[in-house]
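This is work.cif. It holds mmCIF, C-alpha atoms and all ligand atoms.
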data_upload
#
loop_
_atom_site.label_atom_id
_atom_site.label_comp_id
_atom_site.auth_asym_id
_atom_site.auth_seq_id
_atom_site.Cartn_x
_atom_site.Cartn_y
_atom_site.Cartn_z
CA LYS A 1 -47.50 -27.88 -12.17
CA GLN A 2 -48.21 -31.60 -12.50
CA ALA A 3 -47.11 -33.78 -15.39
CA GLN A 4 -49.89 -34.87 -17.73
CA ILE A 5 -49.89 -38.67 -17.91
CA ILE A 6 -51.84 -41.17 -20.01
CA ALA A 7 -52.45 -44.40 -18.09
CA PRO A 8 -53.94 -47.02 -20.42
CA SER A 9 -56.14 -49.62 -18.73
CA VAL A 10 -55.52 -53.08 -20.16
CA LEU A 11 -58.97 -54.29 -19.05
CA ASN A 12 -60.13 -54.18 -22.67
CA ALA A 13 -56.80 -55.15 -24.24
CA ASN A 14 -56.26 -58.42 -26.09
CA PHE A 15 -55.14 -60.74 -23.29
CA LEU A 16 -53.82 -63.31 -25.74
CA ASN A 17 -51.41 -60.70 -27.10
CA LEU A 18 -50.67 -58.69 -23.98
CA GLN A 19 -46.98 -58.34 -24.76
CA SER A 20 -47.65 -56.55 -28.04
CA GLU A 21 -50.38 -54.44 -26.41
CA LEU A 22 -47.89 -53.32 -23.76
CA THR A 23 -45.21 -52.56 -26.35
CA ALA A 24 -47.78 -50.52 -28.29
CA ILE A 25 -48.62 -48.24 -25.38
CA GLU A 26 -44.94 -47.91 -24.43
CA ASN A 27 -44.19 -46.74 -27.95
CA GLY A 28 -47.31 -44.58 -27.84
CA GLY A 29 -45.96 -42.57 -24.91
CA ALA A 30 -47.98 -43.94 -21.99
CA GLY A 31 -46.65 -43.05 -18.54
CA LEU A 32 -48.32 -45.73 -16.42
CA VAL A 33 -50.16 -49.00 -16.96
CA HIS A 34 -53.50 -49.04 -15.15
CA LEU A 35 -54.55 -52.49 -13.89
CA ASP A 36 -58.20 -52.95 -12.93
CA ILE A 37 -58.47 -55.61 -10.25
CA MET A 38 -62.08 -56.81 -9.80
CA ASP A 39 -63.36 -59.51 -7.48
CA GLY A 40 -67.04 -59.98 -8.35
CA HIS A 41 -68.03 -58.61 -4.90
CA PHE A 42 -67.08 -54.95 -4.71
CA VAL A 43 -67.95 -54.68 -8.41
CA PRO A 44 -70.14 -56.94 -10.55
CA ASN A 45 -67.27 -58.25 -12.67
CA ILE A 46 -64.13 -60.38 -12.28
CA SER A 47 -60.90 -59.43 -14.02
CA PHE A 48 -57.52 -60.69 -12.83
CA GLY A 49 -55.35 -60.65 -9.73
CA PRO A 50 -51.77 -60.31 -8.56
CA GLY A 51 -50.52 -63.24 -10.65
CA ILE A 52 -51.37 -61.72 -14.03
CA SER A 53 -50.41 -58.29 -12.68
CA GLY A 54 -46.92 -59.58 -11.87
CA LEU A 55 -46.54 -61.01 -15.38
CA ILE A 56 -47.61 -57.67 -16.83
CA GLY A 57 -45.05 -55.92 -14.65
CA LYS A 58 -42.31 -58.16 -16.01
CA ALA A 59 -43.43 -57.56 -19.58
CA THR A 60 -43.24 -53.75 -19.47
CA LYS A 61 -40.88 -50.98 -18.42
CA LEU A 62 -43.87 -48.83 -17.48
CA PRO A 63 -44.78 -48.49 -13.80
CA LEU A 64 -48.00 -50.18 -12.64
CA ASP A 65 -51.00 -48.51 -11.09
CA CYS A 66 -53.00 -51.30 -9.45
CA HIS A 67 -56.60 -50.15 -8.94
CA LEU A 68 -58.16 -52.51 -6.42
CA MET A 69 -61.93 -52.79 -6.82
CA ILE A 70 -62.20 -55.56 -4.26
CA ASP A 71 -63.65 -56.29 -0.84
CA ASN A 72 -61.15 -56.75 1.99
CA PRO A 73 -58.30 -54.93 0.23
CA GLU A 74 -56.28 -55.30 3.48
CA LEU A 75 -55.75 -58.95 2.56
CA PHE A 76 -54.16 -58.16 -0.80
CA VAL A 77 -52.08 -54.99 -0.66
CA ASP A 78 -48.94 -56.91 0.36
CA GLU A 79 -49.13 -59.05 -2.75
CA PHE A 80 -49.55 -56.07 -5.05
CA VAL A 81 -46.56 -54.35 -3.51
CA LYS A 82 -44.61 -57.59 -3.86
CA ILE A 83 -45.25 -57.82 -7.60
CA GLY A 84 -43.81 -54.31 -7.93
CA ALA A 85 -46.82 -52.00 -8.15
CA ARG A 86 -45.76 -48.36 -8.05
CA TYR A 87 -49.22 -47.20 -7.00
CA VAL A 88 -51.62 -49.30 -4.98
CA THR A 89 -54.99 -47.59 -5.33
CA VAL A 90 -57.78 -48.62 -2.97
CA GLN A 91 -61.44 -47.67 -3.02
CA ALA A 92 -62.41 -45.52 -0.02
CA GLU A 93 -65.72 -47.42 0.17
CA SER A 94 -64.02 -50.82 0.42
CA THR A 95 -62.40 -50.48 3.84
CA ILE A 96 -63.38 -49.23 7.27
CA HIS A 97 -59.82 -48.35 8.27
CA LEU A 98 -58.77 -46.32 5.25
CA ASP A 99 -56.10 -44.36 7.11
CA ARG A 100 -54.47 -47.55 8.38
CA LEU A 101 -54.54 -49.17 4.93
CA LEU A 102 -52.96 -46.17 3.19
CA ASN A 103 -50.21 -46.02 5.80
CA ARG A 104 -49.63 -49.73 5.41
CA ILE A 105 -49.16 -49.38 1.64
CA ARG A 106 -46.55 -46.68 2.20
CA GLU A 107 -44.75 -48.75 4.86
CA LEU A 108 -44.56 -51.61 2.38
CA GLY A 109 -42.79 -49.30 -0.06
CA ALA A 110 -45.43 -48.41 -2.67
CA LYS A 111 -47.26 -45.16 -3.33
CA PRO A 112 -50.70 -45.16 -1.68
CA ALA A 113 -53.64 -43.79 -3.65
CA VAL A 114 -57.33 -43.60 -2.86
CA SER A 115 -60.25 -43.85 -5.25
CA ILE A 116 -63.84 -42.68 -4.85
CA ASN A 117 -66.94 -43.85 -6.68
CA PRO A 118 -69.17 -41.30 -8.41
CA ALA A 119 -71.62 -41.09 -5.48
CA THR A 120 -68.92 -40.74 -2.81
CA PRO A 121 -68.37 -37.14 -1.67
CA ILE A 122 -64.82 -35.79 -1.76
CA GLU A 123 -65.25 -34.83 1.90
CA ASN A 124 -64.90 -38.54 2.73
CA ILE A 125 -61.21 -38.42 1.81
CA LYS A 126 -60.42 -34.91 2.98
CA TRP A 127 -58.46 -36.03 6.04
CA VAL A 128 -56.31 -38.55 4.19
CA LEU A 129 -55.19 -36.25 1.38
CA ASP A 130 -51.80 -35.83 3.07
CA SER A 131 -51.42 -39.63 3.31
CA VAL A 132 -51.76 -40.33 -0.41
CA ASP A 133 -49.65 -39.72 -3.51
CA MET A 134 -52.68 -39.62 -5.81
CA VAL A 135 -56.47 -39.47 -5.75
CA LEU A 136 -58.44 -41.41 -8.35
CA VAL A 137 -61.85 -39.97 -9.12
CA MET A 138 -64.07 -42.56 -10.78
CA SER A 139 -66.01 -40.99 -13.63
CA VAL A 140 -68.14 -44.12 -14.21
CA ASN A 141 -69.53 -46.70 -11.81
CA PRO A 142 -66.68 -49.20 -11.64
CA GLY A 143 -66.96 -52.67 -13.09
CA PHE A 144 -66.75 -52.34 -16.83
CA GLY A 145 -64.87 -50.53 -19.56
CA GLY A 146 -66.68 -48.74 -22.35
CA GLN A 147 -69.16 -46.69 -20.26
CA SER A 148 -69.91 -42.96 -20.60
CA LEU A 149 -68.37 -40.36 -18.33
CA ILE A 150 -70.72 -39.02 -15.65
CA PRO A 151 -70.46 -35.21 -15.96
CA TYR A 152 -70.85 -34.30 -12.25
CA CYS A 153 -67.62 -36.21 -11.53
CA LEU A 154 -65.78 -33.31 -13.19
CA ASP A 155 -67.23 -30.99 -10.55
CA LYS A 156 -65.73 -33.25 -7.88
CA ILE A 157 -62.33 -32.95 -9.59
CA ARG A 158 -62.64 -29.16 -9.71
CA ALA A 159 -63.40 -29.06 -5.99
CA LEU A 160 -60.53 -31.42 -5.14
CA ARG A 161 -58.10 -29.37 -7.20
CA GLU A 162 -59.13 -26.32 -5.19
CA MET A 163 -58.80 -28.21 -1.92
CA LYS A 164 -55.21 -29.28 -2.71
CA PRO A 165 -53.63 -27.59 -5.74
CA GLU A 166 -50.50 -29.77 -5.94
CA LEU A 167 -52.35 -33.10 -5.73
CA ASP A 168 -52.02 -35.71 -8.49
CA ILE A 169 -55.60 -36.34 -9.62
CA GLU A 170 -56.39 -39.33 -11.82
CA ILE A 171 -59.68 -39.70 -13.69
CA ASP A 172 -60.96 -43.15 -14.68
CA GLY A 173 -63.86 -44.05 -16.93
CA GLY A 174 -65.28 -42.85 -20.22
CA ILE A 175 -62.26 -40.78 -21.28
CA LYS A 176 -62.18 -40.22 -25.05
CA LEU A 177 -60.25 -37.90 -27.37
CA ASP A 178 -63.22 -35.55 -27.41
CA ASN A 179 -63.57 -35.09 -23.63
CA ILE A 180 -60.03 -35.45 -22.26
CA LEU A 181 -59.37 -31.71 -22.45
CA GLU A 182 -62.51 -31.06 -20.44
CA ALA A 183 -61.16 -33.45 -17.79
CA LYS A 184 -57.80 -31.66 -17.87
CA LYS A 185 -59.51 -28.29 -17.53
CA ALA A 186 -61.42 -29.57 -14.50
CA GLY A 187 -58.07 -30.37 -12.89
CA ALA A 188 -57.21 -33.99 -13.68
CA ASN A 189 -53.60 -34.68 -14.67
CA ILE A 190 -53.50 -38.49 -14.93
CA PHE A 191 -55.94 -39.99 -17.41
CA VAL A 192 -56.98 -43.63 -17.46
CA VAL A 193 -58.02 -44.65 -20.97
CA GLY A 194 -59.32 -48.15 -21.67
CA SER A 195 -61.52 -48.89 -24.65
CA ALA A 196 -60.66 -45.65 -26.46
CA ILE A 197 -57.10 -46.98 -26.83
CA PHE A 198 -57.47 -50.75 -27.01
CA LYS A 199 -60.66 -50.97 -29.06
CA THR A 200 -58.97 -49.29 -32.02
CA ASN A 201 -56.90 -50.63 -34.91
CA SER A 202 -53.72 -49.05 -33.57
CA PRO A 203 -53.40 -48.70 -29.80
CA GLU A 204 -49.95 -47.21 -30.37
CA LEU A 205 -51.10 -44.39 -32.65
CA THR A 206 -54.20 -43.73 -30.57
CA CYS A 207 -52.17 -43.59 -27.38
CA ARG A 208 -49.81 -41.12 -29.04
CA GLU A 209 -52.79 -39.04 -30.09
CA PHE A 210 -54.01 -38.93 -26.47
CA VAL A 211 -50.55 -37.92 -25.25
CA GLY A 212 -50.36 -35.19 -27.89
CA THR A 213 -53.84 -33.88 -27.12
CA VAL A 214 -53.34 -33.66 -23.38
CA SER A 215 -49.86 -32.14 -23.48
CA ALA A 216 -50.68 -29.55 -26.15
C1 LIG B 1 -63.85 -49.26 -14.64
C2 LIG B 1 -62.32 -49.31 -14.64
C3 LIG B 1 -61.71 -48.45 -15.70
C4 LIG B 1 -62.12 -48.80 -17.09
C5 LIG B 1 -61.76 -47.71 -18.04
O1 LIG B 1 -64.32 -50.12 -13.67
O2 LIG B 1 -61.83 -48.88 -13.40
O3 LIG B 1 -60.30 -48.40 -15.58
O4 LIG B 1 -61.61 -50.03 -17.51
O5 LIG B 1 -62.24 -48.07 -19.29
P1 LIG B 1 -62.89 -47.04 -20.29
O6 LIG B 1 -61.82 -46.04 -20.65
O7 LIG B 1 -63.28 -47.90 -21.46
O8 LIG B 1 -64.06 -46.39 -19.62
ZN ZN B 2 -59.55 -48.36 -13.05
#

Could I get this file's structure written as structure tokens?
Ligand code: DX5
Ligand code: ZN
Amino acid sequence: KQAQIIAPSVLNANFLNLQSELTAIENGGAGLVHLDIMDGHFVPNISFGPGISGLIGKATKLPLDCHLMIDNPELFVDEFVKIGARYVTVQAESTIHLDRLLNRIRELGAKPAVSINPATPIENIKWVLDSVDMVLVMSVNPGFGGQSLIPYCLDKIRALREMKPELDIEIDGGIKLDNILEAKKAGANIFVVGSAIFKTNSPELTCREFVGTVSA
């Protein structure tokens, strides 16, 4: 049975007070920090890159999950491993040679993970399931925090869970206190939470509430 992990996404955190935001989620029981890397090409938004990610890594004890929503991810995985990412998560749609890229991430010493957009069938990653340490199922179209979960993505999680029962399955997008148990029931065990943690008065207490809800 997999551990249930809350992975706050700092995309909507206060970047002028990142240190205190990171301390808050540490104290709130988070298990991973989820970093959304956006390049303005693969997704219609720009966030931050390996530089800021490295600073975040130095400012927290929590392991980093670097979610690359970028074109040409082959050019950047080395840098994300270098700044200490535990997981380097690449979008299946962003590379032609997915198998090669996942193997490369492992060779470099990080845990490879693959992510699929809502419209991408799980069959597209069937043959690389043994090459990854986690699958990230996007439950919104990537690019922005604060969107609503697309319900059919839960069906994809259910099917994936059946396909490989021991797989770590992360869900990303639109997770709130009132739908996280539905996501857990579908088979997810790692939950990215952005605005529902950082757009509140107390990220620490809210994070703790998420941890309590999902482990109950
Ligand atoms: C979407 C990102 C998500 C997002 C989650 O492109 O990959 O990680 O920031 O934010 P919420 O929880 O607000 O949907
Ligand atoms: Zn993400």

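Residue nearest Leu11 in chain A, chosen from A:Met163, A:Ile46, A:Leu149, A:Val88 and counting all atoms listed in the file: A:Ile46.
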
Report, as AutoDock Vina command-line options, the axis-aligned box around all atoms of ligand LIG 1 (chain B) present in the file, extended by 4 Å on each side; give centre and edge lengths in Å to one decimal place.
--center_x -62.3 --center_y -48.1 --center_z -17.4 --size_x 12.0 --size_y 12.1 --size_z 16.1

**Message:** Around ligand ZN 2 (chain B), out to 6 Å and counting only C-alpha atoms and all ligand atoms, which residues are there? I want them as a ChimeraX atom specification.
**Reply:** /A:36,67,172

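Nearest to ligand LIG 1 (chain B) of all the residues A:Val137, A:Ile175, A:Ala110, A:Cys207 is A:Ile175, counting only C-alpha atoms and all ligand atoms.
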
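Taking all atoms listed in the file into account, the residues near (-67.6, -51.9, -14.5), no farther than 7 Å, are Val43, Pro44, Asn45, Asn141, Pro142, Gly143, Phe144 and Gly145 of chain A.
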
**Request:** For CA of Ile157 in chain A and CA of Ala188 in chain A, quote the distance in Å rounded to one decimal.
**Result:** 6.6 Å

Where atoms are absent from range 147-170 of chain A, fill them in so it carries N, CA and C atoms, then output it as a PDB file, in the frame of the given file.
ATOM      1  N   GLN A 147     -67.989 -47.463 -20.696  1.00  0.00           N
ATOM      2  CA  GLN A 147     -69.160 -46.690 -20.260  1.00  0.00           C
ATOM      3  C   GLN A 147     -68.937 -45.196 -20.515  1.00  0.00           C
ATOM      4  N   SER A 148     -70.021 -44.413 -20.372  1.00  0.00           N
ATOM      5  CA  SER A 148     -69.910 -42.960 -20.600  1.00  0.00           C
ATOM      6  C   SER A 148     -69.590 -42.216 -19.322  1.00  0.00           C
ATOM      7  N   LEU A 149     -68.768 -41.204 -19.464  1.00  0.00           N
ATOM      8  CA  LEU A 149     -68.370 -40.360 -18.330  1.00  0.00           C
ATOM      9  C   LEU A 149     -69.598 -39.671 -17.706  1.00  0.00           C
ATOM     10  N   ILE A 150     -69.642 -39.689 -16.386  1.00  0.00           N
ATOM     11  CA  ILE A 150     -70.720 -39.020 -15.650  1.00  0.00           C
ATOM     12  C   ILE A 150     -70.284 -37.580 -15.376  1.00  0.00           C
ATOM     13  N   PRO A 151     -70.961 -36.584 -15.992  1.00  0.00           N
ATOM     14  CA  PRO A 151     -70.460 -35.210 -15.960  1.00  0.00           C
ATOM     15  C   PRO A 151     -70.215 -34.630 -14.558  1.00  0.00           C
ATOM     16  N   TYR A 152     -71.048 -34.948 -13.564  1.00  0.00           N
ATOM     17  CA  TYR A 152     -70.850 -34.300 -12.250  1.00  0.00           C
ATOM     18  C   TYR A 152     -69.514 -34.698 -11.603  1.00  0.00           C
ATOM     19  N   CYS A 153     -68.907 -35.807 -12.088  1.00  0.00           N
ATOM     20  CA  CYS A 153     -67.620 -36.210 -11.530  1.00  0.00           C
ATOM     21  C   CYS A 153     -66.546 -35.157 -11.813  1.00  0.00           C
ATOM     22  N   LEU A 154     -66.722 -34.393 -12.887  1.00  0.00           N
ATOM     23  CA  LEU A 154     -65.780 -33.310 -13.190  1.00  0.00           C
ATOM     24  C   LEU A 154     -65.877 -32.207 -12.139  1.00  0.00           C
ATOM     25  N   ASP A 155     -67.077 -31.989 -11.615  1.00  0.00           N
ATOM     26  CA  ASP A 155     -67.230 -30.990 -10.550  1.00  0.00           C
ATOM     27  C   ASP A 155     -66.480 -31.425  -9.288  1.00  0.00           C
ATOM     28  N   LYS A 156     -66.473 -32.743  -9.030  1.00  0.00           N
ATOM     29  CA  LYS A 156     -65.730 -33.250  -7.880  1.00  0.00           C
ATOM     30  C   LYS A 156     -64.231 -33.000  -8.065  1.00  0.00           C
ATOM     31  N   ILE A 157     -63.763 -33.193  -9.296  1.00  0.00           N
ATOM     32  CA  ILE A 157     -62.330 -32.950  -9.590  1.00  0.00           C
ATOM     33  C   ILE A 157     -61.993 -31.477  -9.385  1.00  0.00           C
ATOM     34  N   ARG A 158     -62.864 -30.609  -9.892  1.00  0.00           N
ATOM     35  CA  ARG A 158     -62.640 -29.160  -9.710  1.00  0.00           C
ATOM     36  C   ARG A 158     -62.513 -28.818  -8.226  1.00  0.00           C
ATOM     37  N   ALA A 159     -63.409 -29.372  -7.419  1.00  0.00           N
ATOM     38  CA  ALA A 159     -63.400 -29.060  -5.990  1.00  0.00           C
ATOM     39  C   ALA A 159     -62.155 -29.624  -5.299  1.00  0.00           C
ATOM     40  N   LEU A 160     -61.744 -30.811  -5.706  1.00  0.00           N
ATOM     41  CA  LEU A 160     -60.530 -31.420  -5.140  1.00  0.00           C
ATOM     42  C   LEU A 160     -59.292 -30.602  -5.483  1.00  0.00           C
ATOM     43  N   ARG A 161     -59.231 -30.176  -6.728  1.00  0.00           N
ATOM     44  CA  ARG A 161     -58.100 -29.370  -7.200  1.00  0.00           C
ATOM     45  C   ARG A 161     -57.983 -28.096  -6.376  1.00  0.00           C
ATOM     46  N   GLU A 162     -59.128 -27.518  -6.020  1.00  0.00           N
ATOM     47  CA  GLU A 162     -59.130 -26.320  -5.190  1.00  0.00           C
ATOM     48  C   GLU A 162     -58.667 -26.636  -3.772  1.00  0.00           C
ATOM     49  N   MET A 163     -59.114 -27.802  -3.290  1.00  0.00           N
ATOM     50  CA  MET A 163     -58.800 -28.210  -1.920  1.00  0.00           C
ATOM     51  C   MET A 163     -57.301 -28.435  -1.757  1.00  0.00           C
ATOM     52  N   LYS A 164     -56.650 -29.010  -2.791  1.00  0.00           N
ATOM     53  CA  LYS A 164     -55.210 -29.280  -2.710  1.00  0.00           C
ATOM     54  C   LYS A 164     -54.570 -29.119  -4.095  1.00  0.00           C
ATOM     55  N   PRO A 165     -54.095 -27.918  -4.388  1.00  0.00           N
ATOM     56  CA  PRO A 165     -53.630 -27.590  -5.740  1.00  0.00           C
ATOM     57  C   PRO A 165     -52.515 -28.477  -6.283  1.00  0.00           C
ATOM     58  N   GLU A 166     -51.652 -29.012  -5.416  1.00  0.00           N
ATOM     59  CA  GLU A 166     -50.500 -29.770  -5.940  1.00  0.00           C
ATOM     60  C   GLU A 166     -50.767 -31.273  -6.026  1.00  0.00           C
ATOM     61  N   LEU A 167     -51.997 -31.681  -5.731  1.00  0.00           N
ATOM     62  CA  LEU A 167     -52.350 -33.100  -5.730  1.00  0.00           C
ATOM     63  C   LEU A 167     -52.333 -33.709  -7.130  1.00  0.00           C
ATOM     64  N   ASP A 168     -51.850 -34.971  -7.237  1.00  0.00           N
ATOM     65  CA  ASP A 168     -52.020 -35.710  -8.490  1.00  0.00           C
ATOM     66  C   ASP A 168     -53.431 -36.270  -8.510  1.00  0.00           C
ATOM     67  N   ILE A 169     -54.205 -35.887  -9.516  1.00  0.00           N
ATOM     68  CA  ILE A 169     -55.600 -36.340  -9.620  1.00  0.00           C
ATOM     69  C   ILE A 169     -55.772 -37.152 -10.904  1.00  0.00           C
ATOM     70  N   GLU A 170     -56.174 -38.412 -10.696  1.00  0.00           N
ATOM     71  CA  GLU A 170     -56.390 -39.330 -11.820  1.00  0.00           C
ATOM     72  C   GLU A 170     -57.887 -39.468 -12.064  1.00  0.00           C
TER      73      GLU A 170
END
